[in-house]
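For reference, structure_30.tsv is printed below; it contains TSV, C-alpha atoms.
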chain	number	residue	atom	x	y	z
A	766	MET	CA	-39.87	32.85	-31.37
A	767	GLU	CA	-42.72	31.47	-33.35
A	768	LEU	CA	-43.41	27.86	-32.52
A	769	THR	CA	-43.80	26.16	-35.84
A	770	ARG	CA	-44.64	22.53	-36.25
A	771	ARG	CA	-41.05	21.74	-37.23
A	772	LYS	CA	-39.60	23.45	-34.15
A	773	ALA	CA	-42.07	21.68	-31.90
A	774	ILE	CA	-40.95	18.32	-33.23
A	775	LEU	CA	-37.27	19.22	-32.72
A	776	LEU	CA	-37.95	20.34	-29.17
A	777	GLY	CA	-39.79	17.16	-28.43
A	778	ALA	CA	-36.96	15.04	-29.80
A	779	GLY	CA	-34.42	16.98	-27.71
A	780	ALA	CA	-36.41	16.45	-24.52
A	781	PHE	CA	-36.71	12.78	-25.30
A	782	LEU	CA	-32.94	12.41	-25.74
A	783	ALA	CA	-32.18	14.31	-22.53
A	784	ALA	CA	-34.57	12.11	-20.58
A	785	GLY	CA	-33.00	9.03	-22.08
A	786	LEU	CA	-29.44	9.82	-20.95
A	787	PRO	CA	-29.66	9.01	-17.24
A	788	PHE	CA	-31.45	5.83	-18.12
A	789	ARG	CA	-28.50	4.64	-20.18
A	790	ALA	CA	-26.01	5.49	-17.41
A	791	SER	CA	-27.85	3.20	-15.00
A	792	ALA	CA	-28.23	0.38	-17.50
A	793	ALA	CA	-25.13	-1.37	-16.12
A	794	LEU	CA	-26.68	-1.30	-12.68
A	795	GLU	CA	-29.99	-2.69	-13.88
A	796	ASP	CA	-28.15	-5.43	-15.74
A	797	LYS	CA	-26.28	-6.38	-12.57
A	798	ILE	CA	-29.48	-6.53	-10.53
A	799	ALA	CA	-31.24	-8.55	-13.23
A	800	GLU	CA	-28.30	-10.93	-13.41
A	801	PHE	CA	-28.55	-11.59	-9.68
A	802	THR	CA	-32.32	-11.76	-9.34
A	803	GLY	CA	-33.10	-13.26	-12.73
A	804	GLY	CA	-35.59	-10.46	-13.27
A	805	ALA	CA	-37.60	-11.31	-10.16
A	806	GLU	CA	-39.40	-8.64	-8.16
A	807	VAL	CA	-37.25	-7.19	-5.33
A	808	GLY	CA	-39.22	-6.47	-2.16
A	809	SER	CA	-38.15	-5.36	1.28
A	810	GLY	CA	-37.83	-7.42	4.44
A	811	ASP	CA	-35.19	-9.66	5.93
A	812	ILE	CA	-32.06	-7.70	5.06
A	813	LYS	CA	-30.12	-5.10	6.99
A	814	LEU	CA	-27.37	-2.87	5.70
A	815	ILE	CA	-25.29	-0.93	8.18
A	816	ALA	CA	-23.24	1.86	6.64
A	817	PRO	CA	-22.01	5.15	8.09
A	818	GLU	CA	-24.07	8.25	7.36
A	819	ILE	CA	-20.94	10.24	6.65
A	820	ALA	CA	-17.65	8.76	5.47
A	821	GLU	CA	-14.67	11.10	5.54
A	822	ASN	CA	-12.62	8.93	3.26
A	823	GLY	CA	-14.29	7.14	0.37
A	824	ASN	CA	-11.37	4.73	0.10
A	825	THR	CA	-12.39	2.68	3.12
A	826	VAL	CA	-16.01	2.79	4.11
A	827	PRO	CA	-16.95	0.07	6.63
A	828	ILE	CA	-20.21	-1.67	5.88
A	829	GLU	CA	-22.05	-4.62	7.35
A	830	VAL	CA	-24.83	-6.71	5.84
A	831	SER	CA	-26.98	-9.09	7.84
A	832	SER	CA	-30.04	-11.18	7.37
A	833	GLU	CA	-31.78	-14.00	9.22
A	834	THR	CA	-32.16	-16.44	6.39
A	835	ALA	CA	-30.47	-15.20	3.21
A	836	ASP	CA	-28.44	-17.61	1.07
A	837	GLU	CA	-26.65	-14.87	-0.82
A	838	ILE	CA	-26.23	-11.15	-0.38
A	839	MET	CA	-25.05	-8.82	-3.12
A	840	VAL	CA	-23.78	-5.32	-2.34
A	841	LEU	CA	-23.97	-2.52	-4.90
A	842	ALA	CA	-22.68	1.04	-4.83
A	843	LEU	CA	-25.09	2.87	-7.10
A	844	GLY	CA	-22.83	5.83	-7.85
A	845	ASN	CA	-19.56	4.03	-8.58
A	846	PRO	CA	-18.11	3.66	-12.12
A	847	THR	CA	-18.81	-0.07	-11.74
A	848	PRO	CA	-21.70	-0.62	-9.36
A	849	SER	CA	-20.83	-4.11	-8.11
A	850	VAL	CA	-19.05	-4.30	-4.77
A	851	ALA	CA	-19.22	-7.87	-3.51
A	852	THR	CA	-21.40	-10.96	-3.34
A	853	PHE	CA	-21.44	-13.08	-0.19
A	854	LYS	CA	-22.55	-16.68	-0.43
A	855	PHE	CA	-23.17	-18.35	2.91
A	856	GLY	CA	-22.36	-22.04	3.20
A	857	LYS	CA	-23.47	-24.79	5.56
A	858	LEU	CA	-21.19	-23.74	8.39
A	859	ALA	CA	-21.94	-20.03	8.36
A	860	ALA	CA	-23.19	-19.30	11.87
A	861	SER	CA	-25.08	-16.21	10.83
A	862	ARG	CA	-25.83	-14.44	7.60
A	863	THR	CA	-23.67	-11.52	8.61
A	864	ALA	CA	-20.55	-10.15	6.99
A	865	SER	CA	-18.64	-6.92	7.17
A	866	THR	CA	-16.00	-5.45	4.94
A	867	ARG	CA	-14.60	-2.13	3.77
A	868	ILE	CA	-15.53	-0.66	0.43
A	869	ARG	CA	-14.62	2.19	-1.91
A	870	LEU	CA	-17.15	4.87	-2.80
A	871	ALA	CA	-16.54	7.38	-5.58
A	872	GLY	CA	-18.71	10.00	-3.94
A	873	THR	CA	-21.90	10.61	-1.98
A	874	GLN	CA	-24.30	7.92	-3.09
A	875	ASP	CA	-26.67	5.12	-2.17
A	876	VAL	CA	-25.36	1.70	-1.20
A	877	MET	CA	-27.73	-1.18	-1.79
A	878	ALA	CA	-27.79	-4.73	-0.47
A	879	ILE	CA	-29.94	-7.36	-2.18
A	880	ALA	CA	-30.49	-10.68	-0.44
A	881	LYS	CA	-31.61	-13.92	-1.99
A	882	LEU	CA	-33.84	-15.77	0.47
A	883	PRO	CA	-34.17	-19.58	0.57
A	884	ASP	CA	-37.68	-19.42	-0.91
A	885	GLY	CA	-36.24	-17.79	-4.03
A	886	SER	CA	-37.50	-14.28	-3.35
A	887	PHE	CA	-35.32	-11.19	-3.18
A	888	VAL	CA	-35.27	-8.33	-0.71
A	889	GLN	CA	-33.22	-5.17	-0.64
A	890	ALA	CA	-32.11	-2.41	1.70
A	891	THR	CA	-30.56	0.91	0.78
A	892	SER	CA	-28.51	3.38	2.75
A	893	THR	CA	-27.15	6.77	1.72
A	894	VAL	CA	-23.52	7.52	2.52
A	895	LYS	CA	-22.11	11.03	2.34
A	896	VAL	CA	-18.51	10.93	1.17
A	897	THR	CA	-16.14	13.84	1.81
A	898	ILE	CA	-13.21	12.54	-0.28
A	899	GLY	CA	-13.97	10.18	-3.14
A	900	GLY	CA	-12.28	6.81	-3.41
A	901	CYS	CA	-11.55	6.44	-7.10
A	902	GLY	CA	-8.29	8.32	-7.41
A	903	GLY	CA	-10.02	11.31	-9.04
B	550	MET	CA	0.90	-8.82	-8.10
B	551	ALA	CA	2.71	-11.41	-6.15
B	552	SER	CA	4.94	-9.36	-3.87
B	553	GLY	CA	4.04	-8.24	-0.39
B	554	VAL	CA	0.84	-10.20	-0.16
B	555	LYS	CA	0.39	-11.37	3.39
B	556	PRO	CA	-2.79	-12.98	4.66
B	557	ARG	CA	-3.74	-12.45	8.29
B	558	VAL	CA	-6.53	-14.31	10.03
B	559	LYS	CA	-7.89	-14.13	13.54
B	560	VAL	CA	-9.55	-17.29	14.80
B	561	PRO	CA	-9.98	-18.31	18.46
B	562	LYS	CA	-7.82	-21.32	19.48
B	563	THR	CA	-10.61	-23.16	21.27
B	564	ALA	CA	-14.39	-23.26	21.11
B	565	ALA	CA	-17.31	-25.24	22.46
B	566	ALA	CA	-18.92	-27.75	20.08
B	567	GLY	CA	-21.46	-26.05	17.86
B	568	GLU	CA	-20.36	-22.60	18.99
B	569	ALA	CA	-20.53	-19.65	16.64
B	570	ILE	CA	-17.20	-17.87	16.40
B	571	THR	CA	-16.26	-14.63	14.71
B	572	ILE	CA	-13.50	-14.79	12.14
B	573	LYS	CA	-11.64	-11.74	10.94
B	574	THR	CA	-9.46	-11.87	7.87
B	575	LEU	CA	-7.24	-9.33	6.19
B	576	ILE	CA	-4.85	-9.68	3.30
B	577	SER	CA	-2.40	-7.01	2.26
B	578	HIS	CA	-3.07	-6.29	-1.39
B	579	ARG	CA	-3.20	-3.08	-3.45
B	580	MET	CA	-6.56	-3.95	-5.05
B	581	GLU	CA	-5.81	-1.80	-8.10
B	582	SER	CA	-9.28	-0.91	-9.36
B	583	GLY	CA	-8.48	-0.33	-13.04
B	584	GLN	CA	-9.98	3.17	-12.75
B	585	ARG	CA	-6.90	5.06	-11.67
B	586	LYS	CA	-4.41	6.73	-14.02
B	587	ASP	CA	-0.65	7.14	-13.62
B	588	ASP	CA	1.29	10.40	-14.10
B	589	GLU	CA	1.24	10.04	-17.90
B	590	GLY	CA	-2.50	9.53	-17.93
B	591	ASN	CA	-2.37	5.84	-18.75
B	592	ILE	CA	-4.85	3.66	-17.00
B	593	ILE	CA	-3.24	1.40	-14.40
B	594	PRO	CA	-4.52	-2.10	-15.19
B	595	ARG	CA	-6.86	-3.80	-12.78
B	596	SER	CA	-5.24	-6.18	-10.32
B	597	ILE	CA	-7.43	-7.33	-7.47
B	598	ILE	CA	-8.34	-10.33	-5.39
B	599	ASN	CA	-11.55	-11.48	-7.00
B	600	ARG	CA	-12.66	-14.29	-4.73
B	601	PHE	CA	-12.31	-15.40	-1.14
B	602	THR	CA	-13.46	-18.67	0.38
B	603	CYS	CA	-13.43	-20.10	3.87
B	604	GLU	CA	-13.85	-23.80	4.59
B	605	PHE	CA	-13.90	-25.84	7.76
B	606	ASN	CA	-12.85	-29.50	7.34
B	607	GLY	CA	-13.86	-29.24	3.67
B	608	GLU	CA	-17.30	-27.78	4.42
B	609	ASN	CA	-18.01	-24.32	3.01
B	610	VAL	CA	-18.46	-21.38	5.39
B	611	VAL	CA	-18.50	-18.40	3.04
B	612	ASP	CA	-17.68	-17.76	-0.58
B	613	VAL	CA	-17.27	-14.11	-1.44
B	614	VAL	CA	-16.93	-12.52	-4.88
B	615	LEU	CA	-14.88	-9.35	-4.60
B	616	GLU	CA	-15.09	-6.48	-7.10
B	617	PRO	CA	-12.80	-3.47	-7.62
B	618	ALA	CA	-14.92	-1.47	-5.15
B	619	ILE	CA	-13.42	-3.41	-2.24
B	620	SER	CA	-10.81	-1.35	-0.39
B	621	THR	CA	-7.06	-1.85	-0.41
B	622	ASN	CA	-6.07	-4.67	1.96
B	623	PRO	CA	-9.45	-6.39	1.80
B	624	TYR	CA	-10.91	-7.04	5.22
B	625	LEU	CA	-13.70	-9.53	5.80
B	626	GLU	CA	-15.47	-10.46	8.99
B	627	PHE	CA	-18.04	-13.23	9.37
B	628	GLU	CA	-19.27	-15.92	11.76
B	629	ALA	CA	-18.71	-19.66	11.53
B	630	LEU	CA	-20.04	-22.71	13.33
B	631	VAL	CA	-17.52	-25.11	14.85
B	632	PRO	CA	-19.04	-28.60	15.10
B	633	GLU	CA	-15.77	-30.40	15.94
B	634	THR	CA	-12.03	-30.01	16.26
B	635	GLY	CA	-10.53	-29.21	12.91
B	636	GLU	CA	-8.96	-26.76	10.55
B	637	PHE	CA	-10.18	-23.61	8.88
B	638	LYS	CA	-8.83	-23.09	5.40
B	639	PHE	CA	-8.86	-19.63	3.88
B	640	THR	CA	-8.19	-19.05	0.19
B	641	TRP	CA	-7.78	-15.83	-1.75
B	642	TYR	CA	-7.77	-15.83	-5.56
B	643	ASP	CA	-5.78	-13.11	-7.32
B	644	ASP	CA	-6.57	-11.71	-10.80
B	645	ASP	CA	-3.10	-12.84	-11.94
B	646	GLY	CA	-3.90	-16.46	-11.09
B	647	SER	CA	-2.05	-16.56	-7.78
B	648	VAL	CA	-3.79	-18.30	-4.92
B	649	TYR	CA	-2.97	-17.38	-1.34
B	650	GLU	CA	-3.80	-19.84	1.39
B	651	GLU	CA	-3.86	-19.79	5.15
B	652	THR	CA	-4.99	-22.41	7.64
B	653	LYS	CA	-5.91	-22.18	11.32
B	654	GLU	CA	-6.48	-25.01	13.77
B	655	ILE	CA	-9.26	-24.89	16.30
B	656	THR	CA	-9.79	-27.29	19.20
B	657	VAL	CA	-13.20	-28.16	20.56
B	658	GLY	CA	-12.81	-28.92	24.24

Let me see the structure of the file written as structure tokens.
Amino acid sequence: MELTRRKAILLGAGAFLAAGLPFRASAALEDKIAEFTGGAEVGSGDIKLIAPEIAENGNTVPIEVSSETADEIMVLALGNPTPSVATFKFGKLAASRTASTRIRLAGTQDVMAIAKLPDGSFVQATSTVKVTIGGCGG
Amino acid sequence: MASGVKPRVKVPKTAAAGEAITIKTLISHRMESGQRKDDEGNIIPRSIINRFTCEFNGENVVDVVLEPAISTNPYLEFEALVPETGEFKFTWYDDDGSVYEETKEITVG
């Protein structure tokens, strides 16, 4: 095939579109993170996320988040149809910034916890969970 | 969904003043995610518990926003400080507007 100028432009446009697709799929996730952090930089530090490496059943995956100082912790499942999972706000009488719950995961994916620290900064931790049976009824 | 919802909470009966205690809560609820389809292929509408709060004598312990990715029969475990004798109040808010409440007494001795 002879590569004419016209074909080269078409090819370029196609590649651009293909590259743009995954970006759009994760837009909901980026919106959620931006909503929580207000667009602030997310570093790493005082946040721990405990999740199993392998979950046989994606319908109930036990997770635990903990931090020394966080005011709020948001949990996200990056591969779910809707990425938000839960947001924990710790009040005056919370003895520790620790909480555990059970979540649904649609498939093997990363789970992320973002903590808001009292000084207004944000830190995150990520953990990959392998899921044998997905938890979204599919 | 208003039928078959039963909150269950585990709180110690006594504690020392200022002690940190672990609280476990569970409420039976389908937590329909809004993603599933029935036999005819129609989407089953979302029906979940979207918020949970725990208070001790009116003072907030935790306030949790729940999303459809929380499992059926949402289970939450956290730690609370007990400064004095009093009452824990647990509240679950359903999508349909229902509010489920549970209280537990604790004695500081």

Give me the residues near Thr563 of chain B as a VMD selection string, where near means some atom within 10 Å (using only C-alpha atoms) and where sequence neighbours in that chain fewer than 2 positions away do not count.
chain B and resid 560 to 561 565 to 566 570 631 634 654 to 658

When the cut-off is 6 Å and we count all atoms listed in the file, which residues of chain B are near chain A, given as a list in words?
Ala569, Arg585, Asn609, Val610, Val611, Asp612, Val613, Val614, Leu615, Glu616, Ala618, Ile619, Ser620, Tyr624, Leu625, Glu626, Phe627, Glu628, Ala629 and Leu630 of chain B

Point-to-point distance in Å for atom CA of Leu575 of chain B and atom CA of Leu794 of chain A:
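Between atom CA of Leu794 of chain A and atom CA of Leu575 of chain B the gap is 28.3 Å.
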
Using atom CA of Ala820 of chain A and atom CA of Phe801 of chain A as the two end points, give the distance in Å to one decimal.
27.6 Å

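Taking atom CA of Gly885 of chain A and atom CA of Ala835 of chain A as endpoints, the distance between them is 9.6 Å.
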
A:Asn822, A:Ser886, A:Thr873, A:Ser832: which is nearest Ile898 of chain A, counting only C-alpha atoms?
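Smallest separation from Ile898 of chain A among the options: A:Asn822.
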
Counting only C-alpha atoms, note down every residue that has an atom within 7 Å of the point (-3.5, -5.3, 4.9) (file coordinates), as an MDAnalysis selection string.
chainID B and resid 575:578 622:623

Within 12 Å of (-7.6, -17.6, -4.2) (coordinates as in the file), grab all the protein and nucleic acid residues, counting all atoms listed in the file, and write them out as a PyMOL selection string.
chain B and resi 554+556+576+597-603+612-615+638-651

Neighbouring residues of Leu814 of chain A were defined as those with any atom within 9 Å, considering all atoms listed in the file; residues of the same chain fewer than 4 positions away were excluded. Please report them as a list in words.
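Using all atoms listed in the file, the neighbours found are Ile828, Glu829, Val830, Ser831, Ser832, Val876, Met877, Ala878, Gln889, Ala890, Thr891 and Ser892 of chain A.
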
Step by step, gather every atom of segment 814-824 of chain A that the file lists, find the box along x, y and z that holds them, add 8 Å on each side, and finally give centre and edge lengths in Å to one decimal, as lines of an AutoDock Vina configuration file.
center_x = -19.4
center_y = 4.1
center_z = 4.1
size_x = 32.0
size_y = 30.0
size_z = 24.1

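With distances taken over all atoms listed in the file, B:Ala564 is the one residue among B:Val558, B:Ala564, B:Met580, B:Ile572 lying closest to Glu633 of chain B.
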